[in-house]
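Data first, discussion second: the structure below is written as structure tokens.
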Amino acid sequence: MAISRILIANRGEIALRIHRAAHEMGIETVAVHSTADADAMHVRLADHAVCIGPPAASESYLNHAAIISAAEITGADAIHPGYGFLSENAKFADIVEAHDIKWIGPKPEHIRTMGDKVQAKKTAGALGLPLVPGSDGAVSDFDEMREVAAEIGYPVLAKAASGGGGRGMKVIPSEDQLETLVKQAQNEAMAAFGDDTMYLEKYLGNPRHIEFQVFGDGRGNAIHLGERDCSLQRRHQKVFEEAPSPVISQEDRMRMGGIVADAMATMEYRGAGTIEFLWEDGKFYFIEMNTRLQVEHPVTEAITGMDLVREQIRIADGKDLSVKQEDIVFSGHAIECRINAEDPFTFAPSPGKIEYYHQAGGMHVRVDSGLYAGYTIPPYYDSMIAKLIVYGRTREGCLMRLRRALEEMVIQGVKTSIPLHQELLKQPDVLSGDYTIKWLEEWLAERAKAENAASES
Ligand code: ADP
């Protein structure tokens with residue numbers, strides 16, 4: 001039986017995004033929400049809504065039993081997890097499938113493999129993806145670590161196998177600091193993930209973050225939808241993403257894209273995935289794979305014309321990929337700005353009531369957001385409240401349109417990151433696309449220094 005009712009196990013803009021794709025396909029939606037989200041836009045628009053618990057995510061959006069019960073009560077035949085929350089939880093995916101509910105995501109075994117970074121790296125290497133030089137799997141013995149580190153050359157990076165969000169990671173500048181820093185990383189990893197398994201990698205000095213979007217049908221067919229450049233990051237959080245990358249040639253795109261698509265075909269990967277690389281001096285180095293939809297997927301939609309959520313739903317329903325690689329045309333340029341409810345320069349969270357809201361519009365401007373005037377942003381969750389995605393035939397045209405669209409956006413009642421994006425769009429390096437993963441933090445530090453100096457004089 002084809003999917004007819006999807007339970008959306010998420011909140012905010014991504015819940016709305018999934019609802020929209022489902023309704024365009026004639027599929028009903030079930031919103032599940034915490035008590036803090038009863039007034040959320042996706043809850044209002046969904047065909048059915050079930051309150052699954054109190055504000056704390058651990059008791060609502062991460063509550064397996066409550067979500068499965070909501071699916072059973074409402075007769076949902078599929079679950080879309082969005083991103084974050086349960087999207088990369090293999091155990092939950094297993095439970096969903098055991099209840100005869102379709103999981104709109106990869107096979108649980110692939111979520112599991114890619115969720116363990118040591119396993120993921122081994123798998124990627126075996127599938128022919130270029131790796132960052134490093135230890136051959138996990139290392140626990142300090143003598144062995146010193147040996148590996150000397151071989152790959154300092155600085156090295158100690159990374160936790162269960163790591164995520166940049167935690168459990170330490171740069172080791174020289175051998176005399178190895179033991180102390182690895183122990184620190186292990187403590188951090190144990191506290192955050194309950195697992196202190198570590199591995200070592202060459203620390204790349206100044207790379208870009210380039211990731212490829214892939215789709216597989218689960219039966220050995222796979223395609224890639226090109227890359228996204230997400231190098232503008234703060235504390236490993238992406239701030240601004242674009243597609244295509246200003247530094248990747250069409251030849252490299254198709255070569256690397258072909259390698260990742262072949263890897264996914266060999267794995268018999270199912271659904272959407274993102275293969276993340278660091279890119280330095282023209283070379284790609286695999287760092288991890290995300291087995292879910294990404295926040296920044298709309299820039300890929302803009303340059304390919306494909307609806308990635310629709311594709312996910314089709315695949316979960318057992319259909320073939322809707323396009324062949326040779327039919328995918330990359331056209332134009334797209335940029336996404338993440339708009340958070342926070343101080344634009346100190347990044348202090350700023351939840352609260354939206355007094356006034358006006359969304360940017362016009363040609364090639366897309367806003368993915370559940371905001372409306374009178375809505376109160378709850379303090380319990382991620383601070384991202386909107387994504388502004390702009391398309392242009394050229395990168396330059398896209399940047400000009402983005403500047404205009406940011407001018408039009410009005411969000412009153414809370415602080416937002418709109419002024420940060422406006423200032424970024426004045427920076428020559430951003431305009432020319434000349435930035436790496438270090439650029440934003442360095443620029444922010446310079447900016448803070450200049451502000452301090454100005455306030456002192
Ligand atoms: P997480 O799952 O914690 O996000 P990743 O492996 O994706 O971990 O790494 C997070 C970030 O750390 C990357 O986006 C990059 O900025 C940086 N990083 C990871 N590996 C390296 C490396 N070998 N050299 C330099 N920076 C790295």
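A note on labels: chains of the structure tokens are A, B, ... as shown, every chain counts residues from 1, and ligands are counted from 1 in their shown order.
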Check: Can you tell me which residues sit at most 7 Å away from ligand 1, counting only C-alpha atoms and all ligand atoms, written as number ranges by chain?
Finding: A: 132, 157, 163-167, 201-205, 207, 209, 236, 287-288, 437
Next item on the list: Tell me, as a list of chain:residue names, which residues lie within 6 Å of range 183-186 of chain A, counting only C-alpha atoms; anything in the same chain fewer than 5 positions away does not count.
Entry: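 The residues that qualify are A:Gly168, A:Met169, A:Lys170, A:Asp196.
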With N, CA, C and O atoms kept, could you save the residues just selected as a compact mmCIF listing (two decimals), in the first residue's frame?
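Full text of out.txt as output:
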```
# COMPACT_ATOMS: atom_id res chain seq x y z
N GLY A 168 34.25 16.27 21.66
CA GLY A 168 35.15 15.12 21.76
C GLY A 168 36.26 15.19 20.74
O GLY A 168 36.75 14.17 20.27
N MET A 169 36.66 16.44 20.39
CA MET A 169 37.67 16.63 19.36
C MET A 169 38.74 17.58 19.89
O MET A 169 38.42 18.59 20.48
N LYS A 170 40.03 17.24 19.70
CA LYS A 170 41.11 18.13 20.16
C LYS A 170 42.24 18.16 19.13
O LYS A 170 42.67 17.11 18.65
N ASP A 196 34.41 6.58 24.99
CA ASP A 196 35.62 7.40 24.79
C ASP A 196 36.58 6.82 23.74
O ASP A 196 37.76 7.13 23.73
```
Next item on the list: If you run DSSP over the backbone, which residues in range 92-322 of chain A end up strand (DSSP E or B)? Put them as a ChimeraX atom specification.
Entry: /A:102-103,131,134,156-160,169-172,198-202,208-217,222-234,237-243,270-280,283-290
Note to self: Just checking: using only C-alpha atoms, which residue out of A:Asp434, A:Arg338, A:Gly137, A:Gly361 ends up closest to Arg234 in chain A?
What the structure shows: A:Arg338
Item checked: Residue nearest Ala341 in chain A - candidates A:Gly413, A:Gly84, A:Gly75, A:Gly226, atoms counted: only C-alpha atoms -> A:Gly413
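By only C-alpha atoms, and with residues fewer than 3 positions from His333 in chain A along its chain excluded, the set lying at most 8 Å from it is Glu242, Ala243, Pro244, Ala302, Ile303, Tyr391, Gly392, Arg393, Thr394, Arg395 and Cys398 of chain A.
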How would the residues just chosen look if you wrote them out with C-alpha atoms as a PDB file, in the first residue's frame?
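As a result, out-v5.pdb now contains:
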```pdb
ATOM      1  CA  GLU A 242      25.801  27.808  -1.144  1.00  0.00           C
ATOM      2  CA  ALA A 243      25.555  25.603  -4.208  1.00  0.00           C
ATOM      3  CA  PRO A 244      27.513  25.187  -6.320  1.00  0.00           C
ATOM      4  CA  ALA A 302      17.147  25.498  -6.155  1.00  0.00           C
ATOM      5  CA  ILE A 303      19.893  24.527  -8.600  1.00  0.00           C
ATOM      6  CA  TYR A 391      18.482  31.776  -6.324  1.00  0.00           C
ATOM      7  CA  GLY A 392      20.141  33.633  -9.172  1.00  0.00           C
ATOM      8  CA  ARG A 393      21.409  32.677 -12.600  1.00  0.00           C
ATOM      9  CA  THR A 394      24.888  33.708 -11.523  1.00  0.00           C
ATOM     10  CA  ARG A 395      26.570  33.883  -8.111  1.00  0.00           C
ATOM     11  CA  CYS A 398      22.294  35.639  -6.320  1.00  0.00           C
TER      12      CYS A 398
END
```
Margin query: Just want the 8 Å neighbourhood of range 115-122 of chain A, counted on only C-alpha atoms, with same-chain residues fewer than 5 positions away dropped. Output as a list of chain:residue names.
Written below: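 These residues fall inside the cut-off: A:Glu88, A:Leu131, A:Gly137, A:Ala138, A:Ala160, A:Ala161, A:Ser162, A:Gly163, A:Tyr199, A:Phe286, A:Ile287, A:Glu288, A:Met289, A:Asn290.
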Item checked: Counting only C-alpha atoms, the option among A:Ala265, A:Ile385, A:Leu62, A:Val430 closest to Glu342 in chain A ->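 Of the candidates, the smallest distance to Glu342 in chain A is held by A:Ile385.
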Note to self: So that I can check the secondary structure, give me every residue of range 174-298 of chain A assigned helix (DSSP H, G or I) by backbone DSSP, as number ranges by chain.
What the structure shows: A: 175-193, 250-267, 297-298
Notebook entry, point to check: Quick one: residues within 12 Å of Ser58 in chain A, only C-alpha atoms counted, chain neighbours fewer than 2 positions away excluded, as a count of residues only?
Noted result: 18
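Across the model, the gap from CA of Leu232 in chain A to CA of Lys449 in chain A is 19.8 Å.
When CA of Lys319 in chain A is paired with CA of Arg112 in chain A, their separation reads 23.7 Å.
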Checklist line | Neighbour list for range 100-104 of chain A as a list in words, cut-off 7 Å, only C-alpha atoms, skip fewer than 6 positions in-chain | finding: Asp77, Ala78, Ile79, His80, Ala93, Gln312, Ile313 and Ala316 of chain A
Margin query: Between A:Leu431, A:Met25, A:Val309, A:Leu200, which residue has the minimum interatomic distance to Gly82 in chain A, considering only C-alpha atoms?
Written below: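 Looking at the shortest contact to Gly82 in chain A, the residue is A:Val309.
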